[in-house]
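Presented below is the structure to which this report refers.
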Amino acid sequence: MILDSVTLINFGAYSGRQEAILTPEYDRPIILFGGMNGGGKTTLLDAIQLAFYGQRARLSNRNRLSYRAYLRESIHRGCDPKEGAGIILCFRRMDDGEYHHFELQRQWHEG
């Protein structure tokens, strides 16, 4: 499987719509993320896990929160909770010599 992009919408530290292109290039096959503490690196990884596994995701900052409480708390503090948050993950996988493209979306809001 190859991850092509992840889009975060009002998720955690990410305000608005933020997209990271993850498609590896032939001469640059590795994507690296760096940043200061609190910059959103772990949040990005949590978003990918959440997109794939939903309630079963092992998230770094969920602690003992219920799934619903975690989703409510993960909506960016600067936006209206009724607007909500979301994750869009685009990826591809090869099957019988052909790539098949997928787009996985999770969205939630309060109230």
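Ordering of the structure tokens sets the chain letters (A, B, ...), residue numbers begin anew at 1 in every chain, and ligands are numbered from 1 in the order given.
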
Counting only C-alpha atoms, what is within 7 Å of A:Gln105, bar same-chain residues fewer than 5 positions away, as number ranges by chain?
-> A: 51, 87-89

Please produce, as a tab-separated table, a per-residue contact table for stretch 15-59 of chain A versus stretch 90-97 of chain A (criterion: any atom at most 12 Å away, only C-alpha atoms considered), showing the nearest atom pair and its distance in Å to one decimal, sorted by chain then residue number.
residue	atom	partner	partner_atom	distance
A:Glu19	CA	A:Cys90	CA	10.7
A:Ala20	CA	A:Cys90	CA	10.5
A:Ile21	CA	A:Cys90	CA	9.5
A:Leu22	CA	A:Phe91	CA	9.2
A:Thr23	CA	A:Phe91	CA	8.8
A:Pro24	CA	A:Phe91	CA	11.6
A:Ile48	CA	A:Cys90	CA	10.2
A:Ala51	CA	A:Cys90	CA	10.1
A:Phe52	CA	A:Cys90	CA	10.8

Pairwise distance for atom CA of A:Arg62 and atom CA of A:Pro81, rounded to one decimal in Å |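 Atom CA of A:Arg62 sits 18.3 Å away from atom CA of A:Pro81.
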
Using only C-alpha atoms, which of A:Leu32, A:Gly111, A:Arg68, A:Leu50 sits nearest A:Asp80?
->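 Of A:Leu32, A:Gly111, A:Arg68, A:Leu50, the one nearest A:Asp80, counting only C-alpha atoms, is A:Gly111.
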
Enumerate, as a VMD selection string, the complete set of residues in chain A that a backbone-based DSSP assignment places in strand (DSSP E).
-> chain A and resid 2 to 11 14 to 21 85 to 95 98 to 108

Include C-alpha atoms and write out the residues we just selected as a compact mmCIF listing (two decimals), in the first residue's frame.
# COMPACT_ATOMS: atom_id res chain seq x y z
CA ILE A 2 1.20 3.51 -0.80
CA LEU A 3 -0.20 6.52 1.03
CA ASP A 4 -0.69 9.36 -1.45
CA SER A 5 -2.12 12.13 0.75
CA VAL A 6 -3.74 12.91 4.05
CA THR A 7 -6.02 15.90 4.53
CA LEU A 8 -6.88 17.13 8.01
CA ILE A 9 -9.86 19.40 8.54
CA ASN A 10 -9.96 21.19 11.90
CA PHE A 11 -8.26 18.20 13.52
CA TYR A 14 -4.51 21.71 12.41
CA SER A 15 -6.89 24.59 11.71
CA GLY A 16 -8.88 24.68 8.50
CA ARG A 17 -8.02 22.28 5.70
CA GLN A 18 -4.40 21.09 5.61
CA GLU A 19 -3.13 18.56 3.07
CA ALA A 20 0.13 16.61 3.13
CA ILE A 21 1.18 14.97 -0.13
CA ALA A 85 -13.50 17.92 11.93
CA GLY A 86 -12.48 15.36 9.37
CA ILE A 87 -9.74 13.25 7.85
CA ILE A 88 -9.38 12.25 4.21
CA LEU A 89 -6.79 9.61 3.39
CA CYS A 90 -5.93 8.72 -0.22
CA PHE A 91 -3.94 5.58 -0.88
CA ARG A 92 -3.38 2.89 -3.47
CA ARG A 93 -2.56 -0.76 -3.46
CA MET A 94 -1.52 -3.18 -6.14
CA ASP A 95 -3.66 -6.18 -6.95
CA GLU A 98 -2.73 -3.04 -11.23
CA TYR A 99 -2.96 -0.15 -8.81
CA HIS A 100 -6.36 0.45 -7.26
CA HIS A 101 -6.95 3.90 -5.73
CA PHE A 102 -8.98 4.47 -2.57
CA GLU A 103 -10.21 7.50 -0.67
CA LEU A 104 -11.17 7.00 2.95
CA GLN A 105 -13.09 9.76 4.74
CA ARG A 106 -14.11 10.23 8.37
CA GLN A 107 -16.01 13.32 9.48
CA TRP A 108 -17.71 14.27 12.73

Which of stretch 49-108 of chain A fall in alpha helix (DSSP H), as a PyMOL selection string = chain A and resi 49-53+67-74

Selection to disk with N, CA, C and O atoms, as an mmCIF file, in the first residue's frame:
data_model
loop_
_atom_site.group_PDB
_atom_site.id
_atom_site.type_symbol
_atom_site.label_atom_id
_atom_site.label_comp_id
_atom_site.auth_asym_id
_atom_site.auth_seq_id
_atom_site.Cartn_x
_atom_site.Cartn_y
_atom_site.Cartn_z
ATOM 1 N N GLN A 49 -4.004 6.733 11.654
ATOM 2 C CA GLN A 49 -4.538 5.567 12.374
ATOM 3 C C GLN A 49 -6.048 5.665 12.534
ATOM 4 O O GLN A 49 -6.766 4.682 12.351
ATOM 5 N N LEU A 50 -6.528 6.856 12.886
ATOM 6 C CA LEU A 50 -7.959 7.063 13.069
ATOM 7 C C LEU A 50 -8.721 6.822 11.769
ATOM 8 O O LEU A 50 -9.791 6.212 11.768
ATOM 9 N N ALA A 51 -8.165 7.278 10.657
ATOM 10 C CA ALA A 51 -8.819 7.073 9.363
ATOM 11 C C ALA A 51 -8.970 5.580 9.062
ATOM 12 O O ALA A 51 -10.028 5.125 8.642
ATOM 13 N N PHE A 52 -7.920 4.814 9.299
ATOM 14 C CA PHE A 52 -7.965 3.380 8.996
ATOM 15 C C PHE A 52 -8.767 2.569 10.008
ATOM 16 O O PHE A 52 -9.515 1.677 9.630
ATOM 17 N N TYR A 53 -8.603 2.853 11.283
ATOM 18 C CA TYR A 53 -9.125 1.958 12.319
ATOM 19 C C TYR A 53 -10.298 2.493 13.128
ATOM 20 O O TYR A 53 -10.895 1.756 13.897
ATOM 21 N N TYR A 67 -14.561 6.927 22.809
ATOM 22 C CA TYR A 67 -14.331 7.293 21.405
ATOM 23 C C TYR A 67 -15.034 8.609 21.070
ATOM 24 O O TYR A 67 -14.449 9.501 20.471
ATOM 25 N N ARG A 68 -16.282 8.749 21.480
ATOM 26 C CA ARG A 68 -17.034 9.983 21.206
ATOM 27 C C ARG A 68 -16.384 11.191 21.867
ATOM 28 O O ARG A 68 -16.294 12.259 21.271
ATOM 29 N N ALA A 69 -15.930 11.019 23.110
ATOM 30 C CA ALA A 69 -15.274 12.126 23.815
ATOM 31 C C ALA A 69 -13.967 12.491 23.118
ATOM 32 O O ALA A 69 -13.636 13.676 22.986
ATOM 33 N N TYR A 70 -13.228 11.484 22.652
ATOM 34 C CA TYR A 70 -11.978 11.759 21.936
ATOM 35 C C TYR A 70 -12.258 12.565 20.664
ATOM 36 O O TYR A 70 -11.577 13.544 20.378
ATOM 37 N N LEU A 71 -13.257 12.150 19.902
ATOM 38 C CA LEU A 71 -13.591 12.876 18.672
ATOM 39 C C LEU A 71 -13.993 14.314 18.982
ATOM 40 O O LEU A 71 -13.564 15.246 18.304
ATOM 41 N N ARG A 72 -14.785 14.499 20.026
ATOM 42 C CA ARG A 72 -15.208 15.845 20.416
ATOM 43 C C ARG A 72 -13.996 16.693 20.797
ATOM 44 O O ARG A 72 -13.871 17.840 20.389
ATOM 45 N N GLU A 73 -13.068 16.110 21.562
ATOM 46 C CA GLU A 73 -11.869 16.834 22.000
ATOM 47 C C GLU A 73 -10.885 17.091 20.858
ATOM 48 O O GLU A 73 -10.056 17.988 20.945
ATOM 49 N N SER A 74 -10.962 16.306 19.796
ATOM 50 C CA SER A 74 -10.008 16.451 18.694
ATOM 51 C C SER A 74 -10.403 17.536 17.691
ATOM 52 O O SER A 74 -9.626 17.866 16.800
#

Spatial neighbours of A:Glu83, max dist 8 Å, only C-alpha atoms, sep filter under 4 positions, as a ChimeraX atom specification | /A:79,109-110

A:Ala13: which residues within 8 Å, counting only C-alpha atoms, same-chain residues fewer than 6 positions away excluded, as a list in words?
->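 Selected residues are Gly39, Gly40, Thr43 and His76 of chain A.
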